[in-house]
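Trainee: CSV, C-alpha atoms, saved as entry-v3.csv, coming up:
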chain,number,residue,atom,x,y,z
A,218,MET,CA,-44.7,188.5,74.6
A,219,SER,CA,-45.1,188.8,78.4
A,220,THR,CA,-44.4,185.9,80.7
A,221,LEU,CA,-47.6,185.0,82.7
A,222,TRP,CA,-48.1,182.8,85.7
A,223,VAL,CA,-51.3,181.8,87.5
A,224,LEU,CA,-50.9,181.8,91.3
A,225,SER,CA,-53.6,181.4,93.9
A,226,GLY,CA,-56.3,182.1,91.3
A,227,GLU,CA,-54.7,185.5,90.4
A,228,ARG,CA,-52.9,186.4,87.2
A,229,TRP,CA,-49.3,187.4,87.9
A,230,ARG,CA,-47.2,189.0,85.2
A,231,VAL,CA,-43.5,189.8,84.7
A,232,GLU,CA,-42.5,191.9,81.7
A,233,PRO,CA,-39.5,190.7,79.7
A,234,ILE,CA,-36.5,193.0,79.1
A,235,ARG,CA,-37.0,194.3,75.6
A,236,THR,CA,-33.6,194.7,74.0
A,237,ALA,CA,-32.7,196.0,70.5
A,238,LYS,CA,-30.8,192.7,69.9
A,239,PRO,CA,-31.4,189.5,71.8
A,240,PRO,CA,-28.6,188.3,74.0
A,241,ILE,CA,-26.4,185.4,73.1
A,242,LEU,CA,-25.8,183.0,76.0
A,243,ILE,CA,-22.6,181.0,75.7
A,244,VAL,CA,-23.1,177.6,77.4
A,245,GLY,CA,-21.3,174.4,77.9
A,246,MET,CA,-19.6,172.3,80.5
A,247,HIS,CA,-16.7,173.7,82.5
A,248,ARG,CA,-13.3,173.2,80.9
A,249,SER,CA,-14.8,172.8,77.5
A,250,GLY,CA,-13.2,175.8,75.7
A,251,THR,CA,-15.9,178.3,76.5
A,252,SER,CA,-13.4,180.9,77.8
A,253,CYS,CA,-11.1,180.5,74.8
A,254,LEU,CA,-13.9,180.9,72.3
A,255,THR,CA,-15.6,183.7,74.2
A,256,ALA,CA,-12.3,185.6,74.2
A,257,MET,CA,-12.1,185.3,70.5
A,258,LEU,CA,-15.6,186.4,69.9
A,259,ARG,CA,-15.0,189.4,72.1
A,260,ARG,CA,-12.0,190.4,70.0
A,261,LEU,CA,-14.1,190.0,66.9
A,262,GLY,CA,-16.8,192.3,68.2
A,263,LEU,CA,-19.2,190.5,70.5
A,264,ILE,CA,-20.0,192.6,73.7
A,265,THR,CA,-19.5,190.1,76.6
A,266,GLY,CA,-19.3,192.5,79.6
A,267,TRP,CA,-16.7,193.5,82.0
A,268,SER,CA,-14.8,190.4,83.3
A,269,LEU,CA,-12.3,189.7,86.0
A,270,ASN,CA,-11.3,186.3,84.7
A,271,ASN,CA,-12.4,183.3,82.5
A,272,GLU,CA,-14.2,185.8,80.2
A,273,GLU,CA,-17.2,185.7,82.5
A,274,SER,CA,-19.3,188.9,82.9
A,275,VAL,CA,-19.1,189.9,86.5
A,276,PHE,CA,-22.6,191.2,86.4
A,277,PHE,CA,-24.3,188.1,85.0
A,278,HIS,CA,-22.0,185.8,87.0
A,279,LEU,CA,-23.4,187.4,90.2
A,280,LEU,CA,-26.9,187.0,88.9
A,281,ASN,CA,-26.3,183.3,88.2
A,282,LEU,CA,-25.0,182.9,91.7
A,283,GLU,CA,-28.3,184.5,92.9
A,284,ILE,CA,-30.2,181.9,90.9
A,285,GLU,CA,-28.1,179.2,92.6
A,286,ARG,CA,-28.9,180.6,96.0
A,287,ALA,CA,-32.6,180.8,95.3
A,288,THR,CA,-32.8,177.3,93.9
A,289,GLY,CA,-30.4,175.5,96.2
A,290,GLY,CA,-28.3,174.4,93.2
A,291,ARG,CA,-24.6,174.7,92.5
A,292,TRP,CA,-22.4,174.5,89.4
A,293,ASP,CA,-21.5,170.9,90.4
A,294,ASP,CA,-25.0,170.0,91.5
A,295,PRO,CA,-27.3,171.7,88.9
A,296,THR,CA,-30.4,169.5,89.2
A,297,PRO,CA,-32.1,171.9,91.6
A,298,ILE,CA,-31.7,174.7,89.1
A,299,GLU,CA,-33.2,172.6,86.4
A,300,GLN,CA,-36.2,171.7,88.6
A,301,ALA,CA,-36.7,175.3,89.6
A,302,ALA,CA,-37.2,176.4,86.0
A,303,ALA,CA,-40.6,174.6,86.2
A,304,ASP,CA,-41.6,175.9,89.6
A,305,PRO,CA,-44.0,178.8,89.2
A,306,ASP,CA,-43.9,179.7,92.9
A,307,LEU,CA,-40.1,180.1,92.9
A,308,LEU,CA,-40.1,181.9,89.6
A,309,ALA,CA,-42.7,184.3,90.9
A,310,ASP,CA,-40.2,185.4,93.5
A,311,LEU,CA,-37.0,185.2,91.6
A,312,LEU,CA,-37.9,186.7,88.2
A,313,PRO,CA,-39.0,190.1,89.5
A,314,ARG,CA,-35.8,190.4,91.6
A,315,LEU,CA,-33.6,189.6,88.6
A,316,ARG,CA,-35.6,192.1,86.4
A,317,ARG,CA,-35.1,194.9,88.9
A,318,THR,CA,-31.4,194.3,89.0
A,319,LEU,CA,-31.2,194.1,85.2
A,320,ARG,CA,-32.9,197.5,84.9
A,321,SER,CA,-30.9,199.1,87.8
A,322,THR,CA,-27.7,201.1,87.6
A,323,TRP,CA,-25.9,198.0,88.6
A,324,VAL,CA,-25.9,197.1,84.9
A,325,VAL,CA,-22.9,199.4,84.7
A,326,LEU,CA,-20.9,196.3,85.8
A,327,TYR,CA,-21.8,194.7,82.5
A,328,MET,CA,-21.8,197.7,80.2
A,329,GLY,CA,-18.8,199.6,81.6
A,330,LEU,CA,-18.8,203.3,82.3
A,331,ARG,CA,-18.4,204.6,78.8
A,332,ARG,CA,-21.1,202.4,77.3
A,333,PHE,CA,-23.4,203.0,80.3
A,334,TRP,CA,-22.9,206.8,80.0
A,335,CYS,CA,-24.0,206.7,76.3
A,336,GLN,CA,-26.7,204.0,76.4
A,337,LYS,CA,-27.9,203.8,80.0
A,338,SER,CA,-29.5,200.3,79.8
A,339,LEU,CA,-29.4,196.9,78.2
A,340,GLU,CA,-32.5,197.9,76.2
A,341,GLU,CA,-30.4,200.4,74.3
A,342,LEU,CA,-27.6,198.1,73.3
A,343,ASP,CA,-27.6,198.1,69.5
A,344,GLN,CA,-24.6,195.8,68.9
A,345,PRO,CA,-24.4,192.0,69.3
A,346,TRP,CA,-24.1,191.2,73.0
A,347,GLY,CA,-24.3,188.3,75.4
A,348,TRP,CA,-22.4,186.6,78.2
A,349,LYS,CA,-20.5,183.4,78.9
A,350,ASP,CA,-21.0,181.3,82.0
A,351,PRO,CA,-21.1,177.4,82.1
A,352,ARG,CA,-24.0,177.9,84.6
A,353,ASN,CA,-26.0,179.3,81.7
A,354,THR,CA,-26.5,175.7,80.6
A,355,PHE,CA,-28.9,175.3,83.5
A,356,THR,CA,-30.0,178.9,84.1
A,357,PHE,CA,-31.0,179.5,80.4
A,358,ASP,CA,-34.5,178.2,81.1
A,359,ILE,CA,-34.9,180.9,83.7
A,360,TRP,CA,-33.3,183.7,81.7
A,361,ARG,CA,-35.5,182.9,78.7
A,362,HIS,CA,-38.5,184.4,80.6
A,363,LEU,CA,-36.7,187.8,80.8
A,364,PHE,CA,-35.1,187.5,77.4
A,365,PRO,CA,-37.6,185.6,75.2
A,366,GLY,CA,-35.5,185.9,72.1
A,367,ALA,CA,-32.3,184.8,73.7
A,368,ARG,CA,-29.9,182.7,71.5
A,369,ILE,CA,-27.4,180.1,72.4
A,370,ILE,CA,-23.9,179.1,71.5
A,371,HIS,CA,-23.1,175.7,73.0
A,372,ILE,CA,-19.5,174.5,73.1
A,373,TYR,CA,-18.7,170.9,73.9
A,374,ARG,CA,-15.5,168.9,74.3
A,375,CYS,CA,-14.4,165.2,74.7
A,376,GLY,CA,-15.5,164.1,78.2
A,377,VAL,CA,-12.1,162.6,79.1
A,378,ASP,CA,-10.3,165.9,78.4
A,379,VAL,CA,-12.9,167.8,80.4
A,380,ALA,CA,-12.7,165.4,83.3
A,381,ALA,CA,-8.9,165.6,83.4
A,382,SER,CA,-8.8,169.3,83.3
A,383,LEU,CA,-11.5,169.7,85.9
A,384,ARG,CA,-9.9,167.3,88.2
A,385,ALA,CA,-6.6,169.2,88.0
A,386,ARG,CA,-8.4,172.5,88.7
A,387,GLU,CA,-10.3,171.1,91.7
A,388,ARG,CA,-7.2,169.5,93.2
A,389,SER,CA,-5.4,172.8,93.0
A,390,ARG,CA,-8.1,174.6,95.0
A,391,VAL,CA,-7.8,175.0,98.7
A,392,GLN,CA,-11.1,173.3,99.7
A,393,ALA,CA,-11.6,175.2,103.0
A,394,LEU,CA,-11.1,178.6,101.4
A,395,SER,CA,-13.0,178.3,98.1
A,396,GLY,CA,-16.8,178.3,98.1
A,397,TYR,CA,-16.6,177.0,94.5
A,398,ALA,CA,-14.5,173.9,95.3
A,399,SER,CA,-16.1,170.6,94.3
A,400,PRO,CA,-15.2,167.3,96.1
A,401,ARG,CA,-17.2,165.6,93.4
A,402,CYS,CA,-14.9,166.8,90.7
A,403,ARG,CA,-11.7,165.8,92.4
A,404,THR,CA,-11.9,162.4,90.7
A,405,LEU,CA,-12.1,161.5,87.0
A,406,HIS,CA,-15.4,159.6,87.5
A,407,GLY,CA,-17.0,162.4,89.4
A,408,ALA,CA,-16.0,165.1,86.9
A,409,PHE,CA,-17.0,162.8,84.0
A,410,SER,CA,-20.5,162.3,85.5
A,411,LEU,CA,-20.9,166.1,85.7
A,412,TRP,CA,-19.9,166.4,82.0
A,413,GLN,CA,-22.7,163.9,81.3
A,414,GLU,CA,-25.3,166.1,83.0
A,415,TYR,CA,-24.2,169.3,81.2
A,416,VAL,CA,-24.1,167.6,77.8
A,417,ASP,CA,-27.6,166.1,78.3
A,418,LYS,CA,-29.0,169.5,79.4
A,419,ALA,CA,-27.2,171.6,76.7
A,420,PHE,CA,-28.5,169.4,73.9
A,421,SER,CA,-32.1,169.6,75.3
A,422,LEU,CA,-32.2,173.4,75.3
A,423,SER,CA,-34.7,174.9,72.9
A,424,PRO,CA,-34.7,178.6,72.4
A,425,ASP,CA,-37.9,180.3,71.3
A,426,GLY,CA,-36.5,180.7,67.8
A,427,GLY,CA,-36.0,177.0,67.4
A,428,GLU,CA,-32.9,175.3,65.9
A,429,ARG,CA,-31.9,178.4,64.0
A,430,ASP,CA,-31.2,180.2,67.3
A,431,ILE,CA,-28.8,177.6,68.8
A,432,LEU,CA,-25.3,176.8,67.5
A,433,HIS,CA,-23.5,173.7,68.7
A,434,VAL,CA,-19.7,173.9,68.4
A,435,ARG,CA,-17.3,171.0,68.8
A,436,TYR,CA,-14.2,172.3,70.5
A,437,GLU,CA,-11.9,169.9,68.7
A,438,ASP,CA,-13.3,171.0,65.3
A,439,PHE,CA,-12.4,174.6,66.3
A,440,LEU,CA,-8.9,173.6,67.1
A,441,THR,CA,-8.3,171.7,63.8
A,442,SER,CA,-10.3,174.1,61.5
A,443,PRO,CA,-10.5,177.4,63.4
A,444,LYS,CA,-11.3,179.6,60.4
A,445,ALA,CA,-14.3,177.5,59.3
A,446,VAL,CA,-15.7,177.2,62.9
A,447,LEU,CA,-15.1,180.9,63.7
A,448,THR,CA,-16.8,181.9,60.5
A,449,ARG,CA,-19.9,180.0,61.5
A,450,MET,CA,-19.8,181.7,64.9
A,451,VAL,CA,-19.3,185.2,63.5
A,452,GLU,CA,-22.2,184.7,61.1
A,453,PHE,CA,-24.4,183.4,63.9
A,454,CYS,CA,-23.5,186.5,66.1
A,455,GLU,CA,-23.9,188.8,63.1
A,456,LEU,CA,-20.4,190.3,63.7
A,457,GLN,CA,-18.4,192.3,61.2
A,458,PRO,CA,-14.8,191.8,62.4
A,459,CYS,CA,-11.8,193.8,61.2
A,460,PRO,CA,-9.8,191.6,58.8
A,461,ARG,CA,-6.5,192.3,60.6
A,462,VAL,CA,-8.0,191.2,64.0
A,463,TRP,CA,-9.5,188.2,62.3
A,464,GLU,CA,-6.1,186.9,61.1
A,465,LYS,CA,-4.5,187.5,64.6
A,466,VAL,CA,-7.2,185.6,66.3
A,467,ILE,CA,-6.9,182.6,63.9
A,468,ALA,CA,-3.1,182.6,64.4
A,469,GLN,CA,-3.5,182.0,68.2
A,470,VAL,CA,-5.2,178.6,67.9
A,471,ASN,CA,-3.1,175.7,69.1
A,472,PRO,CA,-4.3,172.4,67.5
A,473,ARG,CA,-2.3,170.3,69.9
A,474,ARG,CA,-4.9,170.9,72.6
A,475,ALA,CA,-7.3,168.5,70.8
A,476,PHE,CA,-7.6,165.1,72.6
A,477,ALA,CA,-4.8,165.9,75.0
A,478,PHE,CA,-5.7,162.7,77.0
A,479,ARG,CA,-4.0,160.5,74.4
A,480,ARG,CA,-0.6,161.7,75.7
A,481,ASP,CA,-1.3,160.4,79.3
A,482,PRO,CA,-1.4,156.6,80.1
A,483,GLU,CA,-3.8,157.1,83.0
A,484,LEU,CA,-6.2,159.1,80.9
A,485,ARG,CA,-5.9,156.6,78.0
A,486,ALA,CA,-7.0,153.9,80.3
A,487,PHE,CA,-9.9,156.0,81.6
A,488,TYR,CA,-10.9,156.6,78.0
A,489,GLU,CA,-11.1,152.9,77.3
A,490,GLU,CA,-13.4,152.7,80.3
A,491,VAL,CA,-15.9,155.4,79.2
A,492,ARG,CA,-15.6,155.4,75.4
A,493,GLY,CA,-18.8,153.4,75.1
A,494,ASP,CA,-20.9,156.0,77.0
A,495,PRO,CA,-23.8,156.9,74.7
A,496,ARG,CA,-22.8,160.6,74.8
A,497,MET,CA,-19.2,159.9,73.8
A,498,VAL,CA,-20.4,157.8,70.9
A,499,ARG,CA,-23.1,160.2,69.7
A,500,LEU,CA,-20.7,163.2,69.7
A,501,GLY,CA,-18.0,161.3,67.8
A,502,TYR,CA,-15.6,160.5,70.7
A,503,GLY,CA,-16.2,156.8,70.9
A,504,ASP,CA,-13.5,155.7,68.4
A,505,LEU,CA,-10.5,158.0,68.7
Kindly present the structure from the file in structure tokens form.

Mentor:
Amino acid sequence: MSTLWVLSGERWRVEPIRTAKPPILIVGMHRSGTSCLTAMLRRLGLITGWSLNNEESVFFHLLNLEIERATGGRWDDPTPIEQAAADPDLLADLLPRLRRTLRSTWVVLYMGLRRFWCQKSLEELDQPWGWKDPRNTFTFDIWRHLFPGARIIHIYRCGVDVAASLRARERSRVQALSGYASPRCRTLHGAFSLWQEYVDKAFSLSPDGGERDILHVRYEDFLTSPKAVLTRMVEFCELQPCPRVWEKVIAQVNPRRAFAFRRDPELRAFYEEVRGDPRMVRLGYGDL
């Protein structure tokens, strides 16, 4: 179904990208295990695109940055992106630009030379495919206009572990040299407040196919029961992994990463401060 907008009394239309298989967008707060699980899905057969680091497709990462620029939002200030998804004037300008790039030869940055040589475009991909970027949590409501059948894997993690990991990352960045650096996330409270925003948004997402097209994955469940959780994810993605690869992937999981905050006195004190947060309680983190 085409996406339609009414602007200045005229009917304006953008055609979606009609792919053989709908993409799977991997979403979730930064430092929540999205890179780890995406790497495993890639090894099990999911096409996730050429990546430089963090298992993020270079191609779609650049397009998500384009969405940030167009909306005035950032990964650590995502509200403008959320608001833009309901702004027909902005979408009327942004969606055609995204579509042109998606159908251009620049898509080789996602497909790679060999696959691009054989299939030429995203429309021809006949294997399960998608991309990971925490920004997808907020850009999904823009992408859905171009990929109406898009599906979602949402990965979430205890907010205290997320805040601690994010604070450590941001403190290690040279603020003046990194355009991604976040003063907000250099404190536990700031990083935790961003986790709250991402969790709220991720659980509000509603793909066109309804609940059957979104899979919520608790990172700690994956660490303690990797085979069961990965089985759900493989079935959701419609993958057919090689048994030998499957066993190697399972063997790499380290259950000690679950609830790492409990080994740090400062983080245990912070947990006592935020354990009553409604999101912590609802997601099973209120009584650890």

Trainee: What separation in Å, quoted to one decimal, exists between CA of Ile241 in chain A and CA of Tyr397 in chain A?

Mentor: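 Computed distance, CA of Ile241 in chain A to CA of Tyr397 in chain A, equals 25.0 Å.
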
Trainee: Any chance you could tabulate, as a tab-separated table, the residues of range 348-451 of chain A at most 12 Å from range 254-275 of chain A with each one's nearest atom pair and distance in Å to one decimal, using only C-alpha atoms, in chain and rising number order?

Mentor:
residue	atom	partner	partner_atom	distance
A:Trp348	CA	A:Thr265	CA	4.8
A:Lys349	CA	A:Glu273	CA	5.4
A:Asp350	CA	A:Glu273	CA	5.8
A:Pro351	CA	A:Glu273	CA	9.2
A:Arg352	CA	A:Glu273	CA	10.6
A:Asn353	CA	A:Glu273	CA	10.9
A:Ile370	CA	A:Thr255	CA	9.9
A:His371	CA	A:Leu254	CA	10.6
A:Ile372	CA	A:Leu254	CA	8.5
A:Tyr373	CA	A:Leu254	CA	11.2
A:Val434	CA	A:Leu254	CA	9.9
A:Arg435	CA	A:Leu254	CA	11.0
A:Tyr436	CA	A:Leu254	CA	8.8
A:Glu437	CA	A:Leu254	CA	11.7
A:Phe439	CA	A:Leu254	CA	8.8
A:Leu440	CA	A:Leu254	CA	10.3
A:Pro443	CA	A:Leu254	CA	10.1
A:Lys444	CA	A:Met257	CA	11.6
A:Val446	CA	A:Leu254	CA	10.3
A:Leu447	CA	A:Leu258	CA	8.3
A:Thr448	CA	A:Leu258	CA	10.5
A:Arg449	CA	A:Leu258	CA	11.4
A:Met450	CA	A:Leu258	CA	8.0
A:Val451	CA	A:Leu258	CA	7.5

Trainee: Quick one: residues within 9 Å of Val491 in chain A, only C-alpha atoms, excluding same-chain residues fewer than 5 positions away - as JSON, numbers by chain?

Mentor: {"A": [376, 377, 409, 497, 503]}

Trainee: So that I can see what lies close to Arg248 in chain A, please list as a PDB file with C-alpha atoms, in the coordinates of the input the residues with an atom at most 8 Å from it, counting all atoms listed in the file and leaving out residues fewer than 6 positions away in the same chain.

Mentor:
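Result written to around.pdb:
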ATOM      1  CA  VAL A 379     -12.900 167.800  80.400  1.00  0.00           C
ATOM      2  CA  SER A 382      -8.800 169.300  83.300  1.00  0.00           C
ATOM      3  CA  LEU A 383     -11.500 169.700  85.900  1.00  0.00           C
TER       4      LEU A 383
END

Trainee: Which is closest to Val325 in chain A among A:Ala398, A:Asp343, A:Thr288, A:Phe276, if we use only C-alpha atoms?

Mentor: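 Distance minimum relative to Val325 in chain A lands on A:Phe276.
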
Trainee: For each of A:Leu319, A:Ala237, A:Val470, A:Ala477, take the minimum atom-to-atom distance to Trp346 in chain A, counting all atoms listed in the file, then give the residue where this is smallest.

Mentor: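 Once distances to Trp346 in chain A are computed over all atoms listed in the file, the minimum belongs to A:Ala237.
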
Trainee: So, counting all atoms listed in the file, which residue among A:Glu455, A:Glu489, A:Glu340, A:Glu387 is closest to Leu363 in chain A?

Mentor: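 Among the listed residues, A:Glu340 lies closest to Leu363 in chain A.
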
Trainee: Closest to Ser421 in chain A among A:Leu339, A:Leu280, A:Leu308, A:Ile369, using only C-alpha atoms?

Mentor: A:Ile369

Trainee: Determine, counting all atoms listed in the file, every residue of protein, DNA or RNA that lies within 8 Å of (-31.1, 181.2, 86.1) in the file coordinates, then give the result as a ChimeraX atom specification.

Mentor: /A:280-281,284-285,298,302,352-353,355-360

Trainee: Excluding same-chain residues fewer than 6 positions from range 483-486 of chain A, what lies within 9 Å of it counting all atoms listed in the file, as a PyMOL selection string?

Mentor: chain A and resi 377-378+381+405

Trainee: Quick one, how far is CA of Tyr415 in chain A from CA of Pro472 in chain A?

Mentor: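 Going from CA of Tyr415 in chain A over to CA of Pro472 in chain A, I get 24.4 Å.
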
Trainee: From the coordinates supplied, range 351-403 of chain A should be written with C-alpha atoms, as a PDB file, in the first residue's frame.

Mentor:
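Contents of the output file part15.pdb:
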ATOM      1  CA  PRO A 351      19.665   1.857  18.559  1.00  0.00           C
ATOM      2  CA  ARG A 352      18.380   4.941  16.694  1.00  0.00           C
ATOM      3  CA  ASN A 353      15.899   2.618  14.968  1.00  0.00           C
ATOM      4  CA  THR A 354      13.897   2.830  18.188  1.00  0.00           C
ATOM      5  CA  PHE A 355      12.898   6.364  17.192  1.00  0.00           C
ATOM      6  CA  THR A 356      13.373   6.266  13.410  1.00  0.00           C
ATOM      7  CA  PHE A 357      11.190   3.167  12.927  1.00  0.00           C
ATOM      8  CA  ASP A 358       8.055   5.304  12.597  1.00  0.00           C
ATOM      9  CA  ILE A 359       9.734   7.018   9.635  1.00  0.00           C
ATOM     10  CA  TRP A 360      11.118   3.851   8.063  1.00  0.00           C
ATOM     11  CA  ARG A 361       7.733   2.156   8.204  1.00  0.00           C
ATOM     12  CA  HIS A 362       6.483   4.446   5.410  1.00  0.00           C
ATOM     13  CA  LEU A 363       9.166   3.097   3.087  1.00  0.00           C
ATOM     14  CA  PHE A 364       9.024  -0.487   4.389  1.00  0.00           C
ATOM     15  CA  PRO A 365       5.370  -1.019   5.416  1.00  0.00           C
ATOM     16  CA  GLY A 366       5.914  -4.651   6.393  1.00  0.00           C
ATOM     17  CA  ALA A 367       8.981  -3.960   8.525  1.00  0.00           C
ATOM     18  CA  ARG A 368       9.380  -6.164  11.590  1.00  0.00           C
ATOM     19  CA  ILE A 369      11.095  -5.434  14.917  1.00  0.00           C
ATOM     20  CA  ILE A 370      13.384  -7.177  17.373  1.00  0.00           C
ATOM     21  CA  HIS A 371      13.590  -5.109  20.564  1.00  0.00           C
ATOM     22  CA  ILE A 372      16.372  -5.910  23.032  1.00  0.00           C
ATOM     23  CA  TYR A 373      16.206  -4.459  26.537  1.00  0.00           C
ATOM     24  CA  ARG A 374      18.414  -4.658  29.632  1.00  0.00           C
ATOM     25  CA  CYS A 375      18.385  -3.572  33.272  1.00  0.00           C
ATOM     26  CA  GLY A 376      18.531   0.218  33.379  1.00  0.00           C
ATOM     27  CA  VAL A 377      21.311   0.332  35.976  1.00  0.00           C
ATOM     28  CA  ASP A 378      23.669  -1.821  33.907  1.00  0.00           C
ATOM     29  CA  VAL A 379      22.827   0.261  30.841  1.00  0.00           C
ATOM     30  CA  ALA A 380      23.468   3.536  32.672  1.00  0.00           C
ATOM     31  CA  ALA A 381      26.789   2.303  34.064  1.00  0.00           C
ATOM     32  CA  SER A 382      28.018   1.036  30.701  1.00  0.00           C
ATOM     33  CA  LEU A 383      26.920   4.179  28.892  1.00  0.00           C
ATOM     34  CA  ARG A 384      28.521   6.459  31.489  1.00  0.00           C
ATOM     35  CA  ALA A 385      31.804   4.573  31.127  1.00  0.00           C
ATOM     36  CA  ARG A 386      31.698   4.895  27.346  1.00  0.00           C
ATOM     37  CA  GLU A 387      30.911   8.602  27.382  1.00  0.00           C
ATOM     38  CA  ARG A 388      33.602   9.380  29.951  1.00  0.00           C
ATOM     39  CA  SER A 389      36.139   7.666  27.710  1.00  0.00           C
ATOM     40  CA  ARG A 390      35.267   9.819  24.713  1.00  0.00           C
ATOM     41  CA  VAL A 391      37.152  13.018  23.942  1.00  0.00           C
ATOM     42  CA  GLN A 392      34.276  15.487  23.988  1.00  0.00           C
ATOM     43  CA  ALA A 393      35.839  18.024  21.658  1.00  0.00           C
ATOM     44  CA  LEU A 394      36.684  15.425  19.003  1.00  0.00           C
ATOM     45  CA  SER A 395      33.548  13.309  18.978  1.00  0.00           C
ATOM     46  CA  GLY A 396      30.331  14.516  17.410  1.00  0.00           C
ATOM     47  CA  TYR A 397      28.570  11.620  19.107  1.00  0.00           C
ATOM     48  CA  ALA A 398      29.682  12.483  22.648  1.00  0.00           C
ATOM     49  CA  SER A 399      26.911  13.084  25.170  1.00  0.00           C
ATOM     50  CA  PRO A 400      27.324  15.307  28.242  1.00  0.00           C
ATOM     51  CA  ARG A 401      23.921  14.049  29.367  1.00  0.00           C
ATOM     52  CA  CYS A 402      25.157  10.463  29.604  1.00  0.00           C
ATOM     53  CA  ARG A 403      28.310  11.212  31.573  1.00  0.00           C
TER      54      ARG A 403
END
